[in-house]
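Peer 1: This one is work02.tsv, TSV, C-alpha atoms.
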chain	number	residue	atom	x	y	z
H	1	MET	CA	-22.26	21.45	9.66
H	2	LYS	CA	-19.30	23.82	9.33
H	3	ASN	CA	-18.21	23.07	12.90
H	4	SER	CA	-18.64	19.36	12.25
H	5	LEU	CA	-16.49	19.49	9.12
H	6	PHE	CA	-13.83	21.54	10.90
H	7	PHE	CA	-13.77	19.02	13.74
H	8	THR	CA	-13.39	16.19	11.20
H	9	PHE	CA	-10.54	18.09	9.55
H	10	LEU	CA	-8.80	18.52	12.93
H	11	PHE	CA	-9.31	14.85	13.71
H	12	GLY	CA	-7.67	14.00	10.39
H	13	ILE	CA	-4.59	15.96	11.49
H	14	LEU	CA	-4.61	14.24	14.88
H	15	PHE	CA	-5.18	10.83	13.29
H	16	GLU	CA	-1.77	10.95	11.57
H	17	GLN	CA	0.36	11.95	14.57
H	18	LYS	CA	2.43	9.04	15.78
H	19	VAL	CA	3.89	7.82	19.05
H	20	VAL	CA	6.03	4.79	19.88
H	21	ILE	CA	4.42	2.13	22.09
H	22	ILE	CA	6.47	-1.02	21.46
H	23	GLY	CA	6.12	-0.08	17.77
H	24	GLN	CA	4.99	3.05	15.99
H	25	ILE	CA	1.26	3.75	16.19
H	26	SER	CA	-0.85	6.78	15.30
H	27	ILE	CA	-3.12	8.70	17.67
H	28	GLY	CA	-6.05	7.80	15.44
H	29	GLU	CA	-5.26	4.11	15.75
H	30	ILE	CA	-5.10	4.39	19.54
H	31	ILE	CA	-8.53	6.05	19.57
H	32	ALA	CA	-9.84	3.28	17.31
H	33	ILE	CA	-8.59	0.57	19.67
H	34	ILE	CA	-10.21	2.30	22.65
H	35	TYR	CA	-13.46	2.58	20.69
H	36	ILE	CA	-13.44	-1.13	19.79
H	37	PHE	CA	-12.56	-2.11	23.36
H	38	PHE	CA	-15.65	-0.39	24.78
H	39	HIS	CA	-18.06	-1.13	21.92
H	40	PHE	CA	-16.99	-4.54	20.58
H	41	PHE	CA	-20.05	-6.46	21.84
H	42	LYS	CA	-22.44	-3.66	20.92
H	43	LEU	CA	-21.38	-3.26	17.32
H	44	ASN	CA	-23.41	-4.58	14.43
H	45	PHE	CA	-20.57	-5.85	12.26
H	46	THR	CA	-21.01	-6.01	8.49
H	47	ASP	CA	-20.36	-9.23	6.60
H	48	PHE	CA	-16.94	-7.92	5.50
H	49	GLU	CA	-16.03	-6.94	9.08
H	50	LYS	CA	-17.04	-10.37	10.41
H	51	LYS	CA	-14.81	-12.07	7.84
H	52	LEU	CA	-11.97	-9.63	8.48
H	53	LEU	CA	-12.31	-10.36	12.22
H	54	PHE	CA	-12.13	-14.11	11.52
H	55	TYR	CA	-8.99	-13.79	9.40
H	56	THR	CA	-7.46	-11.39	11.92
H	57	PHE	CA	-8.00	-13.98	14.66
H	58	LEU	CA	-6.56	-16.66	12.36
H	59	ILE	CA	-3.36	-14.80	11.56
H	60	LEU	CA	-2.92	-13.90	15.23
H	61	LEU	CA	-2.96	-17.62	16.07
H	62	ILE	CA	-0.58	-18.46	13.22
H	63	GLN	CA	1.85	-15.71	14.18
H	64	PHE	CA	1.67	-16.48	17.90
H	65	PHE	CA	2.58	-20.16	17.35
H	66	SER	CA	5.41	-19.10	15.04
H	67	ASP	CA	6.74	-16.75	17.70
H	68	LEU	CA	6.54	-19.44	20.39
H	69	TYR	CA	8.37	-21.95	18.18
H	70	ASN	CA	11.10	-19.45	17.27
H	71	GLY	CA	11.54	-18.09	20.80
H	72	THR	CA	10.74	-14.54	19.66
H	73	ASP	CA	11.32	-11.74	22.17
H	74	LEU	CA	8.19	-10.50	23.95
H	75	ASP	CA	8.36	-6.98	22.55
H	76	LYS	CA	8.52	-8.34	18.99
H	77	ILE	CA	5.62	-10.72	19.67
H	78	LEU	CA	3.45	-7.87	20.90
H	79	LYS	CA	4.47	-5.65	17.99
H	80	GLY	CA	3.74	-8.38	15.43
H	81	LEU	CA	0.33	-9.26	16.87
H	82	ALA	CA	-0.68	-5.63	17.44
H	83	THR	CA	-0.28	-4.79	13.74
H	84	TYR	CA	-3.35	-6.84	12.75
H	85	ILE	CA	-5.43	-5.83	15.78
H	86	VAL	CA	-4.77	-2.16	15.04
H	87	PHE	CA	-5.57	-2.63	11.36
H	88	PHE	CA	-8.93	-4.29	12.03
H	89	SER	CA	-9.92	-1.86	14.78
H	90	THR	CA	-9.14	1.23	12.73
H	91	ILE	CA	-11.12	0.11	9.67
H	92	VAL	CA	-14.17	-0.67	11.83
H	93	PHE	CA	-13.87	2.65	13.65
H	94	LEU	CA	-13.39	4.76	10.52
H	95	CYS	CA	-16.36	3.14	8.77
H	96	ARG	CA	-18.51	4.50	11.60
H	97	PHE	CA	-16.78	7.80	12.26
H	98	LEU	CA	-16.75	8.75	8.57
H	99	THR	CA	-20.32	7.72	7.73
H	100	PRO	CA	-20.72	10.16	4.87
H	101	ASP	CA	-23.27	12.84	4.20
H	102	LYS	CA	-24.78	13.27	0.74
H	103	ASN	CA	-21.70	14.84	-0.85
H	104	PHE	CA	-18.99	13.03	1.14
H	105	LYS	CA	-17.89	16.35	2.67
H	106	ARG	CA	-17.10	14.64	5.98
H	107	VAL	CA	-14.82	12.14	4.26
H	108	ILE	CA	-13.14	14.87	2.22
H	109	SER	CA	-12.53	17.02	5.31
H	110	PHE	CA	-10.97	14.07	7.10
H	111	VAL	CA	-8.68	13.14	4.19
H	112	ILE	CA	-7.49	16.74	3.80
H	113	GLY	CA	-6.80	16.73	7.54
H	114	THR	CA	-4.68	13.58	7.20
H	115	ILE	CA	-2.67	15.25	4.45
H	116	PHE	CA	-1.96	18.25	6.67
H	117	GLY	CA	-1.14	15.81	9.47
H	118	LYS	CA	1.47	14.13	7.29
H	119	ILE	CA	2.96	17.51	6.37
H	120	ILE	CA	3.30	18.36	10.07
H	121	ILE	CA	5.14	15.08	10.64
H	122	TRP	CA	7.45	15.53	7.65
H	123	PHE	CA	8.45	19.11	8.37
H	124	PHE	CA	8.21	19.45	12.15
H	125	THR	CA	8.01	16.29	14.25
H	126	ASP	CA	9.89	13.44	12.54
H	127	TYR	CA	12.95	14.43	10.52
H	128	ASN	CA	13.55	12.08	7.61
H	129	TYR	CA	16.65	12.50	5.47
H	130	PHE	CA	15.06	10.73	2.51
H	131	PHE	CA	12.05	13.06	2.52
H	132	PHE	CA	14.10	16.25	2.53
H	133	ASN	CA	16.39	14.81	-0.14
H	134	ASN	CA	13.40	14.18	-2.43
H	135	PRO	CA	10.04	15.44	-1.02
H	136	TRP	CA	8.06	14.54	-4.14
H	137	LYS	CA	9.15	10.91	-4.14
H	138	TRP	CA	8.79	10.36	-0.40
H	139	GLY	CA	5.32	11.76	0.10
H	140	ILE	CA	4.41	15.07	-1.52
H	141	GLY	CA	3.59	13.54	-4.92
H	142	ALA	CA	1.19	10.91	-3.57
H	143	GLN	CA	-0.50	13.41	-1.25
H	144	LEU	CA	-0.96	15.94	-4.04
H	145	ILE	CA	-2.70	13.26	-6.10
H	146	THR	CA	-4.98	12.40	-3.19
H	147	PHE	CA	-5.66	16.07	-2.37
H	148	VAL	CA	-6.84	16.82	-5.92
H	149	LEU	CA	-8.71	13.59	-6.64
H	150	ILE	CA	-10.57	13.29	-3.32
H	151	PHE	CA	-12.86	16.15	-4.35
H	152	SER	CA	-14.36	13.91	-7.02
H	153	LEU	CA	-16.36	12.20	-4.25
H	154	SER	CA	-18.50	15.32	-3.86
H	155	ARG	CA	-19.30	15.52	-7.59
H	156	LYS	CA	-22.13	13.82	-9.47
H	157	GLU	CA	-19.66	13.11	-12.27
H	158	ASP	CA	-15.96	12.35	-11.95
H	159	PHE	CA	-13.44	14.87	-13.28
H	160	SER	CA	-13.47	15.18	-17.05
H	161	LYS	CA	-11.02	13.03	-18.96
H	162	LEU	CA	-9.40	16.20	-20.31
H	163	PHE	CA	-8.74	17.42	-16.77
H	164	LEU	CA	-7.31	14.04	-15.78
H	165	ILE	CA	-5.03	13.94	-18.80
H	166	ILE	CA	-3.69	17.46	-18.10
H	167	PHE	CA	-3.27	16.62	-14.40
H	168	SER	CA	-1.54	13.39	-15.40
H	169	LEU	CA	0.97	15.25	-17.54
H	170	ILE	CA	1.84	17.40	-14.51
H	171	ILE	CA	2.25	14.30	-12.32
H	172	ALA	CA	4.36	12.60	-15.00
H	173	TYR	CA	6.66	15.60	-15.42
H	174	PHE	CA	7.37	16.05	-11.70
H	175	SER	CA	7.75	12.29	-11.19
H	176	LEU	CA	10.32	12.10	-13.96
H	177	VAL	CA	12.19	15.15	-12.70
H	178	ASN	CA	12.19	13.81	-9.14
H	179	ASN	CA	13.06	10.24	-10.05
H	180	SER	CA	9.80	8.79	-8.71
H	181	ARG	CA	9.36	5.72	-10.87
H	182	SER	CA	6.93	3.68	-8.79
H	183	LEU	CA	4.57	6.62	-8.24
H	184	LEU	CA	4.49	7.34	-11.97
H	185	LEU	CA	4.05	3.68	-12.91
H	186	ILE	CA	1.18	3.11	-10.48
H	187	TYR	CA	-0.50	6.33	-11.57
H	188	MET	CA	-0.25	5.46	-15.25
H	189	PHE	CA	-1.56	1.92	-14.67
H	190	ALA	CA	-4.52	3.45	-12.86
H	191	LEU	CA	-5.10	6.04	-15.58
H	192	GLY	CA	-4.94	3.45	-18.35
H	193	THR	CA	-7.40	1.16	-16.56
H	194	TYR	CA	-9.73	4.06	-15.76
H	195	LEU	CA	-9.80	5.36	-19.33
H	196	LEU	CA	-10.51	1.83	-20.57
H	197	VAL	CA	-13.39	0.87	-18.26
H	198	HIS	CA	-14.98	4.04	-16.85
H	199	ASN	CA	-18.61	4.29	-18.01
H	200	SER	CA	-17.81	1.71	-20.68
H	201	SER	CA	-20.47	-0.69	-21.94
H	202	LYS	CA	-17.85	-2.86	-23.67
H	203	TRP	CA	-15.05	-3.21	-21.14
H	204	ASN	CA	-15.13	-4.33	-17.51
H	205	LEU	CA	-13.07	-6.33	-15.02
H	206	LYS	CA	-15.74	-8.80	-13.88
H	207	PHE	CA	-13.67	-11.77	-15.02
H	208	PHE	CA	-11.56	-11.16	-11.88
H	209	ASN	CA	-14.39	-11.15	-9.30
H	210	LYS	CA	-14.17	-14.91	-8.59
H	211	LYS	CA	-12.08	-16.82	-6.07
H	212	THR	CA	-10.43	-18.72	-8.92
H	213	THR	CA	-9.44	-15.62	-10.92
H	214	PHE	CA	-9.02	-12.66	-8.54
H	215	MET	CA	-5.27	-13.05	-8.06
H	216	PHE	CA	-4.62	-12.74	-11.78
H	217	LEU	CA	-5.42	-9.02	-11.68
H	218	PRO	CA	-2.66	-7.91	-9.25
H	219	LEU	CA	-0.30	-10.36	-10.95
H	220	ILE	CA	-1.00	-8.75	-14.33
H	221	TYR	CA	0.00	-5.35	-12.95
H	222	MET	CA	3.15	-6.88	-11.49
H	223	PHE	CA	3.98	-8.50	-14.82
H	224	PHE	CA	3.72	-5.11	-16.55
H	225	THR	CA	5.85	-3.56	-13.79
H	226	ILE	CA	8.66	-6.02	-14.56
H	227	PHE	CA	8.08	-5.68	-18.31
H	228	PHE	CA	8.42	-1.89	-18.23
H	229	GLY	CA	11.41	-2.27	-15.92
H	230	VAL	CA	13.15	-4.19	-18.70
H	231	LEU	CA	11.80	-1.99	-21.49
H	232	VAL	CA	12.95	1.30	-19.98
H	233	THR	CA	16.58	0.11	-19.93
H	234	LYS	CA	16.39	-1.05	-23.55
H	235	ILE	CA	14.79	1.95	-25.26
H	236	ASN	CA	15.96	4.81	-23.05
H	237	PRO	CA	19.74	4.67	-22.65
H	238	ASN	CA	21.31	7.45	-20.66
H	239	SER	CA	22.48	9.48	-23.65
H	240	GLN	CA	18.99	9.86	-25.11
H	241	PHE	CA	17.32	11.43	-22.09
H	242	SER	CA	16.82	15.17	-21.87
H	243	SER	CA	18.79	17.04	-19.23
H	244	ASN	CA	15.60	17.55	-17.19
H	245	PHE	CA	15.33	13.81	-16.59
H	246	GLU	CA	19.03	13.13	-16.04
H	247	LYS	CA	18.57	11.73	-12.50
H	248	MET	CA	15.95	9.27	-13.67
H	249	ALA	CA	18.08	8.28	-16.64
H	250	LYS	CA	21.17	7.66	-14.53
H	251	LYS	CA	19.24	5.58	-12.01
H	252	ASN	CA	17.62	3.49	-14.73
H	253	PHE	CA	20.99	3.07	-16.42
H	254	ASN	CA	22.78	2.04	-13.21
H	255	GLU	CA	20.03	-0.26	-11.88
H	256	GLY	CA	19.10	-1.76	-15.23
H	257	LYS	CA	22.42	-3.34	-16.13
H	258	GLY	CA	21.34	-6.84	-15.13
H	259	SER	CA	19.35	-9.46	-16.99
H	260	PHE	CA	15.87	-8.62	-15.70
H	261	GLY	CA	15.72	-4.82	-15.83
H	262	VAL	CA	15.18	-2.09	-13.25
H	263	ALA	CA	12.20	-3.51	-11.34
H	264	VAL	CA	13.93	-6.73	-10.28
H	265	ASN	CA	17.01	-4.88	-9.04
H	266	SER	CA	15.10	-2.23	-7.10
H	267	ARG	CA	12.91	-4.86	-5.41
H	268	SER	CA	15.50	-7.60	-5.01
H	269	ASP	CA	14.55	-7.96	-1.31
H	270	LEU	CA	12.07	-10.52	-2.61
H	271	VAL	CA	15.02	-12.84	-3.27
H	272	SER	CA	15.85	-12.79	0.45
H	273	ALA	CA	12.20	-13.36	1.27
H	274	PHE	CA	11.98	-16.32	-1.12
H	275	PHE	CA	14.87	-18.15	0.54
H	276	ALA	CA	13.63	-17.31	4.03
H	277	ILE	CA	10.17	-18.73	3.23
H	278	LYS	CA	11.76	-21.76	1.56
H	279	ASP	CA	13.76	-22.56	4.70
H	280	LYS	CA	10.75	-22.31	7.07
H	281	PRO	CA	7.64	-22.59	4.90
H	282	ILE	CA	5.22	-23.81	7.58
H	283	ILE	CA	6.22	-22.12	10.82
H	284	GLY	CA	8.01	-19.00	9.59
H	285	HIS	CA	10.81	-17.14	11.36
H	286	GLY	CA	8.73	-15.26	13.95
H	287	SER	CA	7.89	-11.57	14.22
H	288	TYR	CA	10.59	-9.22	12.92
H	289	PRO	CA	13.25	-11.92	12.56
H	290	VAL	CA	16.95	-11.09	12.58
H	291	ASP	CA	18.95	-12.24	9.57
H	292	VAL	CA	21.58	-14.12	11.58
H	293	GLY	CA	24.89	-14.06	9.74
H	294	MET	CA	23.25	-12.07	6.92
H	295	VAL	CA	22.40	-15.41	5.28
H	296	TYR	CA	19.42	-14.17	3.31
H	297	LYS	CA	20.82	-10.77	2.47
H	298	THR	CA	23.91	-12.55	1.11
H	299	LYS	CA	21.68	-14.69	-1.13
H	300	GLN	CA	20.09	-11.50	-2.42
H	301	PHE	CA	23.45	-10.00	-3.34
H	302	GLU	CA	24.62	-13.28	-4.85
H	303	PHE	CA	21.57	-13.14	-7.11
H	304	LEU	CA	22.38	-9.55	-8.12
H	305	TYR	CA	26.00	-10.51	-8.75
H	306	ASP	CA	25.13	-13.61	-10.79
H	307	PHE	CA	22.80	-11.67	-13.08
H	308	GLY	CA	25.10	-8.73	-13.67
H	309	TYR	CA	23.59	-6.05	-11.43
H	310	ILE	CA	26.61	-5.60	-9.17
H	311	LYS	CA	30.33	-6.24	-9.49
H	312	LYS	CA	31.05	-7.05	-5.87
H	313	ILE	CA	29.19	-8.73	-2.99
H	314	PRO	CA	29.35	-6.58	0.19
H	315	THR	CA	30.84	-7.99	3.38
H	316	MET	CA	28.56	-9.00	6.24
H	317	ARG	CA	29.56	-5.88	8.20
H	318	GLU	CA	28.76	-3.65	5.23
H	319	MET	CA	25.35	-5.30	4.84
H	320	GLN	CA	24.48	-4.83	8.52
H	321	HIS	CA	25.62	-1.21	8.50
H	322	ILE	CA	23.74	-0.20	5.34
H	323	TYR	CA	20.70	-2.49	5.31
H	324	GLY	CA	20.06	-3.39	8.95
H	325	ILE	CA	19.89	-6.71	10.75
H	326	TYR	CA	16.41	-8.01	9.87
H	327	ILE	CA	15.43	-10.47	7.13
H	328	PRO	CA	14.33	-8.23	4.26
H	329	SER	CA	11.05	-8.79	2.43
H	330	HIS	CA	9.67	-5.38	1.39
H	331	SER	CA	6.21	-6.85	0.77
H	332	TYR	CA	2.85	-7.05	2.55
H	333	LEU	CA	2.32	-10.63	1.39
H	334	PHE	CA	5.82	-12.08	1.53
H	335	GLY	CA	6.67	-10.19	4.72
H	336	SER	CA	3.82	-11.98	6.50
H	337	MET	CA	5.01	-15.32	5.08
H	338	VAL	CA	8.57	-14.72	6.27
H	339	MET	CA	7.30	-14.05	9.79
H	340	GLY	CA	4.46	-16.58	10.03
H	341	GLY	CA	4.94	-19.09	7.23
H	342	ILE	CA	2.92	-19.60	4.06
H	343	PHE	CA	-0.37	-19.93	5.96
H	344	ALA	CA	0.02	-16.37	7.20
H	345	GLY	CA	-0.41	-15.32	3.58
H	346	ILE	CA	-4.06	-16.42	3.80
H	347	TYR	CA	-4.84	-13.12	5.49
H	348	TRP	CA	-3.57	-11.10	2.52
H	349	PHE	CA	-5.23	-13.41	0.00
H	350	PHE	CA	-8.55	-12.79	1.77
H	351	LEU	CA	-8.08	-9.03	1.80
H	352	THR	CA	-6.90	-9.00	-1.81
H	353	PHE	CA	-9.91	-11.07	-2.86
H	354	LYS	CA	-12.30	-8.61	-1.21
H	355	ILE	CA	-10.61	-5.55	-2.71
H	356	THR	CA	-10.34	-7.16	-6.16
H	357	LYS	CA	-13.95	-8.30	-6.12
H	358	ILE	CA	-15.15	-4.78	-5.31
H	359	TYR	CA	-12.88	-3.34	-7.97
H	360	ALA	CA	-13.96	-5.88	-10.60
H	361	ASN	CA	-17.66	-5.36	-9.92
H	362	TYR	CA	-17.65	-1.56	-9.67
H	363	SER	CA	-14.66	-0.42	-11.76
H	364	ASN	CA	-16.97	1.05	-14.43
H	365	TYR	CA	-18.46	3.45	-11.87
H	366	LEU	CA	-15.61	4.25	-9.51
H	367	PRO	CA	-13.98	7.71	-9.51
H	368	PHE	CA	-10.36	7.74	-10.59
H	369	ILE	CA	-9.04	8.07	-7.02
H	370	PHE	CA	-10.16	4.50	-6.23
H	371	HIS	CA	-8.41	3.15	-9.31
H	372	TYR	CA	-5.23	4.84	-8.09
H	373	TRP	CA	-5.62	3.58	-4.51
H	374	ILE	CA	-6.49	0.01	-5.47
H	375	ILE	CA	-3.71	-0.42	-8.03
H	376	ASN	CA	-1.32	1.09	-5.50
H	377	TYR	CA	-2.45	-1.66	-3.11
H	378	PHE	CA	-1.80	-4.34	-5.77
H	379	TYR	CA	1.71	-2.98	-6.20
H	380	ALA	CA	2.37	-2.72	-2.46
H	381	LEU	CA	1.07	-6.24	-1.87
H	382	PHE	CA	4.18	-7.58	-3.58
H	383	VAL	CA	6.85	-4.91	-3.20
H	384	SER	CA	6.19	-2.57	-0.24
H	385	PRO	CA	6.72	-3.07	3.50
H	386	PHE	CA	3.66	-2.98	5.78
H	387	GLY	CA	4.95	-0.33	8.18
H	388	ALA	CA	3.03	2.18	10.27
H	389	GLY	CA	2.68	4.71	7.42
H	390	PRO	CA	1.39	2.30	4.74
H	391	ARG	CA	-0.86	0.65	7.33
H	392	GLY	CA	-2.53	3.96	8.16
H	393	ASN	CA	-2.96	4.82	4.49
H	394	LEU	CA	-4.54	1.44	3.75
H	395	GLU	CA	-6.90	1.73	6.74
H	396	VAL	CA	-8.21	5.05	5.44
H	397	GLN	CA	-8.45	3.93	1.82
H	398	ILE	CA	-10.30	0.68	2.55
H	399	SER	CA	-12.74	2.47	4.87
H	400	ILE	CA	-13.56	5.14	2.27
H	401	LEU	CA	-13.89	2.50	-0.47
H	402	ILE	CA	-16.37	0.54	1.66
H	403	LEU	CA	-18.40	3.67	2.43
H	404	TYR	CA	-18.46	4.66	-1.24
H	405	ILE	CA	-19.65	1.21	-2.34
H	406	LEU	CA	-22.36	1.31	0.34
H	407	SER	CA	-23.49	4.68	-1.02
H	408	LEU	CA	-23.63	3.26	-4.56
H	409	GLU	CA	-25.64	0.26	-3.41
H	410	GLY	CA	-27.90	2.49	-1.33
H	411	GLY	CA	-28.58	4.71	-4.33
H	412	ALA	CA	-29.34	1.67	-6.46
H	413	ASN	CA	-31.77	0.32	-3.85
H	414	LYS	CA	-33.60	3.64	-3.73
H	415	LYS	CA	-33.99	3.62	-7.51
H	416	ASP	CA	-35.33	0.04	-7.42
H	417	LYS	CA	-37.93	1.00	-4.81
H	418	LYS	CA	-39.10	3.90	-6.95
Let me see whether you can do it: turn the structure in this file into structure tokens.

Peer 2:
Amino acid sequence: MKNSLFFTFLFGILFEQKVVIIGQISIGEIIAIIYIFFHFFKLNFTDFEKKLLFYTFLILLIQFFSDLYNGTDLDKILKGLATYIVFFSTIVFLCRFLTPDKNFKRVISFVIGTIFGKIIIWFFTDYNYFFFNNPWKWGIGAQLITFVLIFSLSRKEDFSKLFLIIFSLIIAYFSLVNNSRSLLLIYMFALGTYLLVHNSSKWNLKFFNKKTTFMFLPLIYMFFTIFFGVLVTKINPNSQFSSNFEKMAKKNFNEGKGSFGVAVNSRSDLVSAFFAIKDKPIIGHGSYPVDVGMVYKTKQFEFLYDFGYIKKIPTMREMQHIYGIYIPSHSYLFGSMVMGGIFAGIYWFFLTFKITKIYANYSNYLPFIFHYWIINYFYALFVSPFGAGPRGNLEVQISILILYILSLEGGANKKDKK
């Protein structure tokens, strides 16, 4: 067992290491693709995996036709299509590789390995200016949360509420000091939901487990994100913050000058995405489309200018130099719609429905780590890019969530038989 757990830990480290083949891909994802290639017709797919395979095939068709229509370069076509193949393959592989023992020690060893793997990347193999400028915000904070909370899977009871509150105060302090607003907001949303529903006989989220209501749950969290983005600029002006939180105060003050608060300014890429989707709602712009003439980025800055966030609209050259040449979206959902049209969003609606349904049905029994992971997904669905790093994180989190739910259902079935 010890050797097995050590091997799983080492595989977790290996899983995170990345290479560039057309696009960035991890060693673990390459192994998963090889596994699926040789075992595809032998595998006994679960109902979820069959549906995920169907929607993966569907979005591949949608994206492929969009790329053909838009004359997308071959390397971008392959990169765009590979994203969904890799995502499906890795979830299927991990659900088999990580089949847990009684106390989820195999899963825990793997997750700790992935954390060490990320640390190796950050400090030794892939220099990132943003990380070294603010390690907590760009990775350390989220990985510390995961490192501590993952051990709850081996416990009969989740961590005590007193422990979680003390741990939360530590997370809040370092997030404020290191200007990590989104991490703190997601964490506090998760904590509030957890304290409300965990082991509660009065409160649950089952209203959101239907196809007609599931999308309201992530939208509620987004509404509160915008609401607090406005609120923080109204009740916490720069002069009232303590010196410890001066960086956070200055950023909130500078980014919150417009009409809709901090959140809208910091995620204003969605304005570009809106106009891009509006111009090509059915066919999309193809995989990784270039913003020719900075048309959509200009619309984004015009929005910021009109609502008082900025005093000057940058030139096209300045936009290209600072923000790159591609149409910005900064969103799992809207990024897919920019590339493949509105029908490409069906893939993310399916995945969100499955995740929300699980969350709604089992939220009263889930350890806190799943609340944090799932609400982080709701946030990322609207305002985070689906790059190689987030893709790998989501693959791991969905796989562990599925395995945990299977263990709950298995335990319930055993009790029924008795």

Peer 1: Quick one, how far is CA of Asn265 (chain H) from CA of Met319 (chain H)?

Peer 2: 16.2 Å

Peer 1: Give me the residues within 10 Å of region 5-20 of chain H as a PDB file with C-alpha atoms, keeping the file's coordinate frame, counting all atoms listed in the file and dropping any in the same chain fewer than 5 places off.

Peer 2:
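Result written to around.pdb:
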ATOM      1  CA  ILE H  25       1.260   3.750  16.190  1.00  0.00           C
ATOM      2  CA  SER H  26      -0.850   6.780  15.300  1.00  0.00           C
ATOM      3  CA  ILE H  27      -3.120   8.700  17.670  1.00  0.00           C
ATOM      4  CA  GLY H  28      -6.050   7.800  15.440  1.00  0.00           C
ATOM      5  CA  GLU H  29      -5.260   4.110  15.750  1.00  0.00           C
ATOM      6  CA  ILE H  30      -5.100   4.390  19.540  1.00  0.00           C
ATOM      7  CA  ILE H  31      -8.530   6.050  19.570  1.00  0.00           C
ATOM      8  CA  ALA H  32      -9.840   3.280  17.310  1.00  0.00           C
ATOM      9  CA  PHE H  97     -16.780   7.800  12.260  1.00  0.00           C
ATOM     10  CA  LEU H  98     -16.750   8.750   8.570  1.00  0.00           C
ATOM     11  CA  LYS H 105     -17.890  16.350   2.670  1.00  0.00           C
ATOM     12  CA  ARG H 106     -17.100  14.640   5.980  1.00  0.00           C
ATOM     13  CA  VAL H 107     -14.820  12.140   4.260  1.00  0.00           C
ATOM     14  CA  ILE H 108     -13.140  14.870   2.220  1.00  0.00           C
ATOM     15  CA  SER H 109     -12.530  17.020   5.310  1.00  0.00           C
ATOM     16  CA  PHE H 110     -10.970  14.070   7.100  1.00  0.00           C
ATOM     17  CA  VAL H 111      -8.680  13.140   4.190  1.00  0.00           C
ATOM     18  CA  ILE H 112      -7.490  16.740   3.800  1.00  0.00           C
ATOM     19  CA  GLY H 113      -6.800  16.730   7.540  1.00  0.00           C
ATOM     20  CA  THR H 114      -4.680  13.580   7.200  1.00  0.00           C
ATOM     21  CA  ILE H 115      -2.670  15.250   4.450  1.00  0.00           C
ATOM     22  CA  PHE H 116      -1.960  18.250   6.670  1.00  0.00           C
ATOM     23  CA  GLY H 117      -1.140  15.810   9.470  1.00  0.00           C
ATOM     24  CA  LYS H 118       1.470  14.130   7.290  1.00  0.00           C
ATOM     25  CA  ILE H 119       2.960  17.510   6.370  1.00  0.00           C
ATOM     26  CA  ILE H 120       3.300  18.360  10.070  1.00  0.00           C
ATOM     27  CA  ILE H 121       5.140  15.080  10.640  1.00  0.00           C
ATOM     28  CA  THR H 125       8.010  16.290  14.250  1.00  0.00           C
ATOM     29  CA  ASP H 126       9.890  13.440  12.540  1.00  0.00           C
ATOM     30  CA  ALA H 388       3.030   2.180  10.270  1.00  0.00           C
ATOM     31  CA  GLY H 389       2.680   4.710   7.420  1.00  0.00           C
ATOM     32  CA  GLY H 392      -2.530   3.960   8.160  1.00  0.00           C
ATOM     33  CA  ASN H 393      -2.960   4.820   4.490  1.00  0.00           C
TER      34      ASN H 393
END

Peer 1: What is the distance between CA of Phe123 (chain H) and CA of Ala142 (chain H), in Å to one decimal?

Peer 2: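 According to the coordinates, CA of Phe123 (chain H) and CA of Ala142 (chain H) are separated by 16.2 Å.
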
Peer 1: Select, from H:Phe104, H:Tyr372, H:Phe45, H:Tyr55, the residue with the minimum atom-to-atom distance to Leu403 (chain H), counting all atoms listed in the file.

Peer 2: H:Phe104

Peer 1: Smallest atom-to-atom distance to Phe167 (chain H): which of H:Leu191, H:Val396, H:Leu185, H:Ile140, using all atoms listed in the file?

Peer 2: H:Leu191

Peer 1: Just give me the gap between CA of Lys50 (chain H) and CA of Ser89 (chain H) in Å, one decimal is fine.

Peer 2: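 Going from CA of Lys50 (chain H) over to CA of Ser89 (chain H) covers 11.9 Å.
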
Peer 1: For region 126-222 of chain H against region 353-359 of chain H, with a cut-off of 7 Å and counting all atoms listed in the file, what is the closest atom pair and its distance in Å to one decimal for every residue that makes the cut, ordered by chain and number, as a Markdown table?

Peer 2:
| residue | atom | partner | partner_atom | distance |
| --- | --- | --- | --- | --- |
| H:Phe208 | CA | H:Lys357 | CA | 6.9 |
| H:Asn209 | CA | H:Lys357 | CA | 4.3 |
| H:Lys211 | CA | H:Phe353 | CA | 6.9 |
| H:Phe214 | CA | H:Phe353 | CA | 6.0 |

Peer 1: Keeping C-alpha atoms, export the residues of the selection given above as a JSON list (two decimals), in the coordinates of the input.

Peer 2:
[["chain", "number", "residue", "atom", "x", "y", "z"],
["H", 208, "PHE", "CA", -11.56, -11.16, -11.88],
["H", 209, "ASN", "CA", -14.39, -11.15, -9.30],
["H", 211, "LYS", "CA", -12.08, -16.82, -6.07],
["H", 214, "PHE", "CA", -9.02, -12.66, -8.54]]

Peer 1: Mind listing whatever residues come within 9 Å of the point (-4.0, -9.4, 10.5)? Use only C-alpha atoms, file coordinates, and give them as a PyMOL selection string.

Peer 2: chain H and resi 52-53+55-60+81-88+344+347-348

Peer 1: I want to know what sits within 10 Å of Glu157 (chain H), based on all atoms listed in the file, with residues of the same chain fewer than 4 positions away left out; could you give that as a PyMOL selection string?

Peer 2: chain H and resi 152-153+365+367

Peer 1: Neighbouring residues of Tyr379 (chain H) were defined as those with any atom within 12 Å, considering all atoms listed in the file; residues of the same chain fewer than 2 positions away were excluded. Please report them as a VMD selection string.

Peer 2: chain H and resid 182 to 183 185 to 187 189 to 190 217 to 226 263 267 330 to 333 352 372 to 377 381 to 385

Peer 1: Might you pull out every residue within 10 Å of Ile325 (chain H), with only C-alpha atoms counted and same-chain residues fewer than 6 positions away left off, and present them as a list of chain:residue names?

Peer 2: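 Listing them by chain and then by number gives H:Tyr288, H:Pro289, H:Val290, H:Asp291, H:Val292, H:Gly293, H:Met294, H:Lys297, H:Met319.
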